$ cat protein_37.pdb   # PDB, C-alpha atoms, pLDDT in the B column
ATOM      1  CA  MET A   1     -22.365  31.041 -26.527  1.00 43.00           C
ATOM      2  CA  LEU A   2     -19.130  32.578 -25.238  1.00 47.00           C
ATOM      3  CA  ALA A   3     -19.969  36.118 -26.296  1.00 41.00           C
ATOM      4  CA  SER A   4     -23.366  36.130 -24.645  1.00 39.00           C
ATOM      5  CA  CYS A   5     -22.434  34.605 -21.316  1.00 39.00           C
ATOM      6  CA  GLU A   6     -21.683  36.788 -18.327  1.00 39.00           C
ATOM      7  CA  GLU A   7     -18.786  34.633 -17.154  1.00 42.00           C
ATOM      8  CA  THR A   8     -15.218  35.727 -17.466  1.00 44.00           C
ATOM      9  CA  LEU A   9     -13.157  33.677 -19.845  1.00 44.00           C
ATOM     10  CA  THR A  10     -11.295  32.064 -16.984  1.00 43.00           C
ATOM     11  CA  GLU A  11     -14.559  30.432 -15.920  1.00 51.00           C
ATOM     12  CA  VAL A  12     -15.355  29.126 -19.386  1.00 58.00           C
ATOM     13  CA  ASN A  13     -14.712  25.452 -19.938  1.00 66.00           C
ATOM     14  CA  LEU A  14     -12.676  25.499 -23.128  1.00 81.00           C
ATOM     15  CA  ALA A  15     -13.072  21.748 -23.516  1.00 79.00           C
ATOM     16  CA  LYS A  16     -16.791  22.277 -24.150  1.00 82.00           C
ATOM     17  CA  THR A  17     -16.099  25.011 -26.700  1.00 84.00           C
ATOM     18  CA  ILE A  18     -13.138  23.559 -28.585  1.00 88.00           C
ATOM     19  CA  ASN A  19     -12.930  19.838 -29.238  1.00 87.00           C
ATOM     20  CA  CYS A  20      -9.239  19.224 -28.613  1.00 84.00           C
ATOM     21  CA  GLN A  21      -9.621  15.583 -29.768  1.00 87.00           C
ATOM     22  CA  GLN A  22      -9.838  16.907 -33.347  1.00 91.00           C
ATOM     23  CA  ILE A  23      -6.596  18.878 -33.070  1.00 91.00           C
ATOM     24  CA  SER A  24      -3.393  16.924 -33.513  1.00 91.00           C
ATOM     25  CA  SER A  25      -0.970  18.818 -31.290  1.00 93.00           C
ATOM     26  CA  LEU A  26      -0.533  21.562 -28.736  1.00 92.00           C
ATOM     27  CA  ASP A  27       1.208  23.648 -31.412  1.00 94.00           C
ATOM     28  CA  ARG A  28      -2.098  23.677 -33.299  1.00 94.00           C
ATOM     29  CA  LEU A  29      -4.432  23.848 -30.295  1.00 94.00           C
ATOM     30  CA  LEU A  30      -3.022  27.080 -28.874  1.00 95.00           C
ATOM     31  CA  PRO A  31      -3.392  29.167 -32.067  1.00 94.00           C
ATOM     32  CA  VAL A  32      -6.908  27.825 -32.655  1.00 93.00           C
ATOM     33  CA  THR A  33      -7.819  28.788 -29.092  1.00 93.00           C
ATOM     34  CA  ALA A  34      -6.179  32.209 -29.469  1.00 93.00           C
ATOM     35  CA  TYR A  35      -8.179  32.919 -32.640  1.00 92.00           C
ATOM     36  CA  VAL A  36     -11.408  31.873 -30.895  1.00 90.00           C
ATOM     37  CA  LEU A  37     -10.590  34.171 -27.970  1.00 90.00           C
ATOM     38  CA  ARG A  38      -9.798  37.019 -30.372  1.00 90.00           C
ATOM     39  CA  PHE A  39     -13.145  36.477 -32.091  1.00 88.00           C
ATOM     40  CA  VAL A  40     -14.966  36.505 -28.737  1.00 86.00           C
ATOM     41  CA  ASP A  41     -13.192  39.731 -27.729  1.00 87.00           C
ATOM     42  CA  ILE A  42     -14.274  41.375 -31.000  1.00 87.00           C
ATOM     43  CA  LEU A  43     -17.870  40.304 -30.425  1.00 87.00           C
ATOM     44  CA  LYS A  44     -17.794  41.619 -26.866  1.00 87.00           C
ATOM     45  CA  ARG A  45     -16.455  44.992 -28.021  1.00 86.00           C
ATOM     46  CA  ARG A  46     -19.125  45.240 -30.698  1.00 86.00           C
ATOM     47  CA  THR A  47     -21.965  44.369 -28.326  1.00 85.00           C
ATOM     48  CA  SER A  48     -20.691  46.786 -25.680  1.00 81.00           C
ATOM     49  CA  THR A  49     -20.488  49.651 -28.190  1.00 77.00           C
ATOM     50  CA  HIS A  50     -24.014  48.869 -29.436  1.00 72.00           C
ATOM     51  CA  LYS A  51     -25.386  48.787 -25.885  1.00 72.00           C
ATOM     52  CA  SER A  52     -23.695  52.025 -24.878  1.00 71.00           C
ATOM     53  CA  GLY A  53     -24.865  53.809 -28.019  1.00 69.00           C
ATOM     54  CA  LYS A  54     -21.363  54.997 -28.856  1.00 65.00           C
ATOM     55  CA  LYS A  55     -20.218  55.125 -32.421  1.00 61.00           C
ATOM     56  CA  GLU A  56     -18.602  51.795 -33.206  1.00 54.00           C
ATOM     57  CA  GLU A  57     -14.882  51.953 -33.672  1.00 55.00           C
ATOM     58  CA  SER A  58     -13.281  49.701 -36.206  1.00 54.00           C
ATOM     59  CA  THR A  59     -12.993  46.339 -34.463  1.00 50.00           C
ATOM     60  CA  LYS A  60     -12.235  44.351 -37.564  1.00 55.00           C
ATOM     61  CA  VAL A  61      -9.005  42.436 -37.294  1.00 57.00           C
ATOM     62  CA  PRO A  62      -7.302  42.032 -40.670  1.00 53.00           C
ATOM     63  CA  ASP A  63      -7.172  38.445 -41.885  1.00 48.00           C
ATOM     64  CA  ASP A  64      -3.416  38.643 -42.310  1.00 54.00           C
ATOM     65  CA  GLN A  65      -2.716  39.814 -38.746  1.00 85.00           C
ATOM     66  CA  GLU A  66      -0.803  37.068 -36.989  1.00 90.00           C
ATOM     67  CA  LEU A  67      -1.251  36.105 -33.385  1.00 93.00           C
ATOM     68  CA  ASN A  68       1.124  37.650 -30.901  1.00 93.00           C
ATOM     69  CA  SER A  69       2.824  35.976 -27.956  1.00 93.00           C
ATOM     70  CA  THR A  70       0.354  37.484 -25.472  1.00 92.00           C
ATOM     71  CA  GLU A  71      -2.584  35.857 -27.255  1.00 93.00           C
ATOM     72  CA  ILE A  72      -0.831  32.472 -27.336  1.00 95.00           C
ATOM     73  CA  SER A  73       0.111  32.754 -23.635  1.00 93.00           C
ATOM     74  CA  ARG A  74      -3.477  33.638 -22.764  1.00 92.00           C
ATOM     75  CA  ALA A  75      -4.725  30.581 -24.654  1.00 93.00           C
ATOM     76  CA  GLU A  76      -2.202  28.354 -22.896  1.00 92.00           C
ATOM     77  CA  SER A  77      -3.135  29.725 -19.467  1.00 89.00           C
ATOM     78  CA  LEU A  78      -6.825  29.156 -20.123  1.00 90.00           C
ATOM     79  CA  TRP A  79      -6.206  25.537 -21.154  1.00 90.00           C
ATOM     80  CA  ILE A  80      -4.129  24.962 -18.020  1.00 86.00           C
ATOM     81  CA  LYS A  81      -6.910  26.448 -15.872  1.00 83.00           C
ATOM     82  CA  THR A  82      -9.537  24.351 -17.657  1.00 83.00           C
ATOM     83  CA  VAL A  83      -7.647  21.100 -17.181  1.00 81.00           C
ATOM     84  CA  GLN A  84      -6.673  21.832 -13.592  1.00 78.00           C
ATOM     85  CA  ALA A  85     -10.161  22.987 -12.646  1.00 74.00           C
ATOM     86  CA  SER A  86     -11.735  19.814 -14.028  1.00 74.00           C
ATOM     87  CA  SER A  87      -9.106  17.469 -12.562  1.00 73.00           C
ATOM     88  CA  PHE A  88      -8.666  19.038  -9.141  1.00 75.00           C
ATOM     89  CA  LYS A  89     -12.036  20.637  -8.360  1.00 74.00           C
ATOM     90  CA  ASP A  90     -11.799  20.578  -4.561  1.00 74.00           C
ATOM     91  CA  GLU A  91      -8.212  21.754  -4.450  1.00 78.00           C
ATOM     92  CA  PHE A  92      -8.812  24.517  -6.998  1.00 72.00           C
ATOM     93  CA  LYS A  93     -11.889  25.704  -5.108  1.00 74.00           C
ATOM     94  CA  PHE A  94      -9.937  25.773  -1.836  1.00 76.00           C
ATOM     95  CA  ILE A  95      -6.990  27.796  -3.112  1.00 74.00           C
ATOM     96  CA  GLN A  96      -9.358  30.264  -4.817  1.00 73.00           C
ATOM     97  CA  ASN A  97     -11.713  30.799  -1.874  1.00 75.00           C
ATOM     98  CA  GLN A  98      -9.928  29.257   1.135  1.00 69.00           C
ATOM     99  CA  CYS A  99     -13.091  27.252   1.858  1.00 68.00           C
ATOM    100  CA  GLN A 100     -13.082  24.410   4.370  1.00 67.00           C
ATOM    101  CA  PRO A 101     -12.105  21.593   4.678  1.00 72.00           C
ATOM    102  CA  LYS A 102      -8.578  21.907   3.388  1.00 74.00           C
ATOM    103  CA  PRO A 103      -7.832  19.168   0.842  1.00 76.00           C
ATOM    104  CA  ARG A 104      -4.853  16.995   1.754  1.00 79.00           C
ATOM    105  CA  CYS A 105      -2.781  17.744  -1.329  1.00 79.00           C
ATOM    106  CA  VAL A 106      -3.078  21.535  -0.818  1.00 79.00           C
ATOM    107  CA  ALA A 107      -1.025  21.278   2.359  1.00 78.00           C
ATOM    108  CA  GLN A 108       1.132  18.422   1.062  1.00 84.00           C
ATOM    109  CA  PHE A 109       2.251  20.302  -2.059  1.00 82.00           C
ATOM    110  CA  GLY A 110       1.863  23.869  -0.774  1.00 82.00           C
ATOM    111  CA  LEU A 111      -0.518  24.855  -3.568  1.00 80.00           C
ATOM    112  CA  PHE A 112      -1.142  28.554  -4.225  1.00 79.00           C
ATOM    113  CA  LEU A 113      -2.402  30.786  -7.057  1.00 79.00           C
ATOM    114  CA  ASP A 114       0.252  32.682  -8.982  1.00 83.00           C
ATOM    115  CA  GLU A 115      -0.131  36.160 -10.511  1.00 83.00           C
ATOM    116  CA  ASN A 116      -2.012  34.651 -13.481  1.00 78.00           C
ATOM    117  CA  LYS A 117      -4.373  32.797 -11.123  1.00 77.00           C
ATOM    118  CA  LEU A 118      -2.813  29.462 -12.065  1.00 78.00           C
ATOM    119  CA  PRO A 119      -2.323  26.851  -9.312  1.00 78.00           C
ATOM    120  CA  ARG A 120       1.356  26.302  -8.486  1.00 80.00           C
ATOM    121  CA  CYS A 121       3.280  24.361  -5.893  1.00 81.00           C
TER     122      CYS A 121
END

$ encode --input "protein_37.pdb" --output "structure tokens"
Amino acid sequence: MLASCEETLTEVNLAKTINCQQISSLDRLLPVTAYVLRFVDILKRRTSTHKSGKKEESTKVPDDQELNSTEISRAESLWIKTVQASSFKDEFKFIQNQCQPKPRCVAQFGLFLDENKLPRC
């Protein structure tokens, strides 16, 4: 589902893809999410090389390759976006697009998007 959709990963609802109720802690959730994202990236690379007709480069990730801090941070950011987008739909929509009317808490807390497109106050 993730590999075939045209959405960017920031628009994907991770809660529909990964059942976090079955994972006991955040320390386990983030690596699981990072491995899923790695898998999706590999699939995207493979499909793009097949579509372009280029010779496929080796996209196989060795089983023993551990996750790096960038992959874990990406997973954490995507979970934060997923939770915030589902909990604060109007506010998130406003600070992304500056649509009207301005939700009360946007002005009250001075919400803005940071460099990672995460809502901050």

$ atom_distance --input "protein_37.pdb" --atom1 "CA of Lys102 in chain A" --atom2 "CA of Lys117 in chain A"
18.6 Å

$ axis_aligned_box --input "protein_37.pdb" --around "range 40-50 of chain A" --padding-each-side "4 Å" --output "lines of an AutoDock Vina configuration file"
center_x = -18.6
center_y = 43.1
center_z = -28.3
size_x = 18.8
size_y = 21.1
size_z = 13.3

$ atom_distance --input "protein_37.pdb" --atom1 "CA of Thr82 in chain A" --atom2 "CA of Leu30 in chain A"
13.3 Å

$ atom_distance --input "protein_37.pdb" --atom1 "CA of Cys121 in chain A" --atom2 "CA of Phe109 in chain A"
5.7 Å

$ resolve_selection --input "protein_37.pdb" --expression "the PyMOL selection byres ((chain A and resi 29) around 10)" --output "compact mmCIF listing (two decimals) with C-alpha atoms, in the frame of the given file"
# COMPACT_ATOMS: atom_id res chain seq x y z
CA ILE A 18 -13.14 23.56 -28.58
CA ASN A 19 -12.93 19.84 -29.24
CA CYS A 20 -9.24 19.22 -28.61
CA GLN A 21 -9.62 15.58 -29.77
CA GLN A 22 -9.84 16.91 -33.35
CA ILE A 23 -6.60 18.88 -33.07
CA SER A 24 -3.39 16.92 -33.51
CA SER A 25 -0.97 18.82 -31.29
CA LEU A 26 -0.53 21.56 -28.74
CA ASP A 27 1.21 23.65 -31.41
CA ARG A 28 -2.10 23.68 -33.30
CA LEU A 30 -3.02 27.08 -28.87
CA PRO A 31 -3.39 29.17 -32.07
CA VAL A 32 -6.91 27.82 -32.66
CA THR A 33 -7.82 28.79 -29.09
CA ALA A 34 -6.18 32.21 -29.47
CA ILE A 72 -0.83 32.47 -27.34
CA ALA A 75 -4.72 30.58 -24.65
CA GLU A 76 -2.20 28.35 -22.90
CA TRP A 79 -6.21 25.54 -21.15

$ resolve_selection --input "protein_37.pdb" --expression "the PyMOL selection byres ((chain A and resi 112) around 10)" --output "ChimeraX atom specification"
/A:91-92,94-96,106-107,109-111,113-115,117-121

$ closest_residue --input "protein_37.pdb" --among "A:Arg38, A:Lys44, A:His50, A:Arg104" --to "Phe88 in chain A" --atoms "only C-alpha atoms"
A:Arg104

$ closest_residue --input "protein_37.pdb" --among "A:Ser52, A:Asn116, A:Asp90, A:Phe39" --to "Leu78 in chain A" --atoms "only C-alpha atoms"
A:Asn116
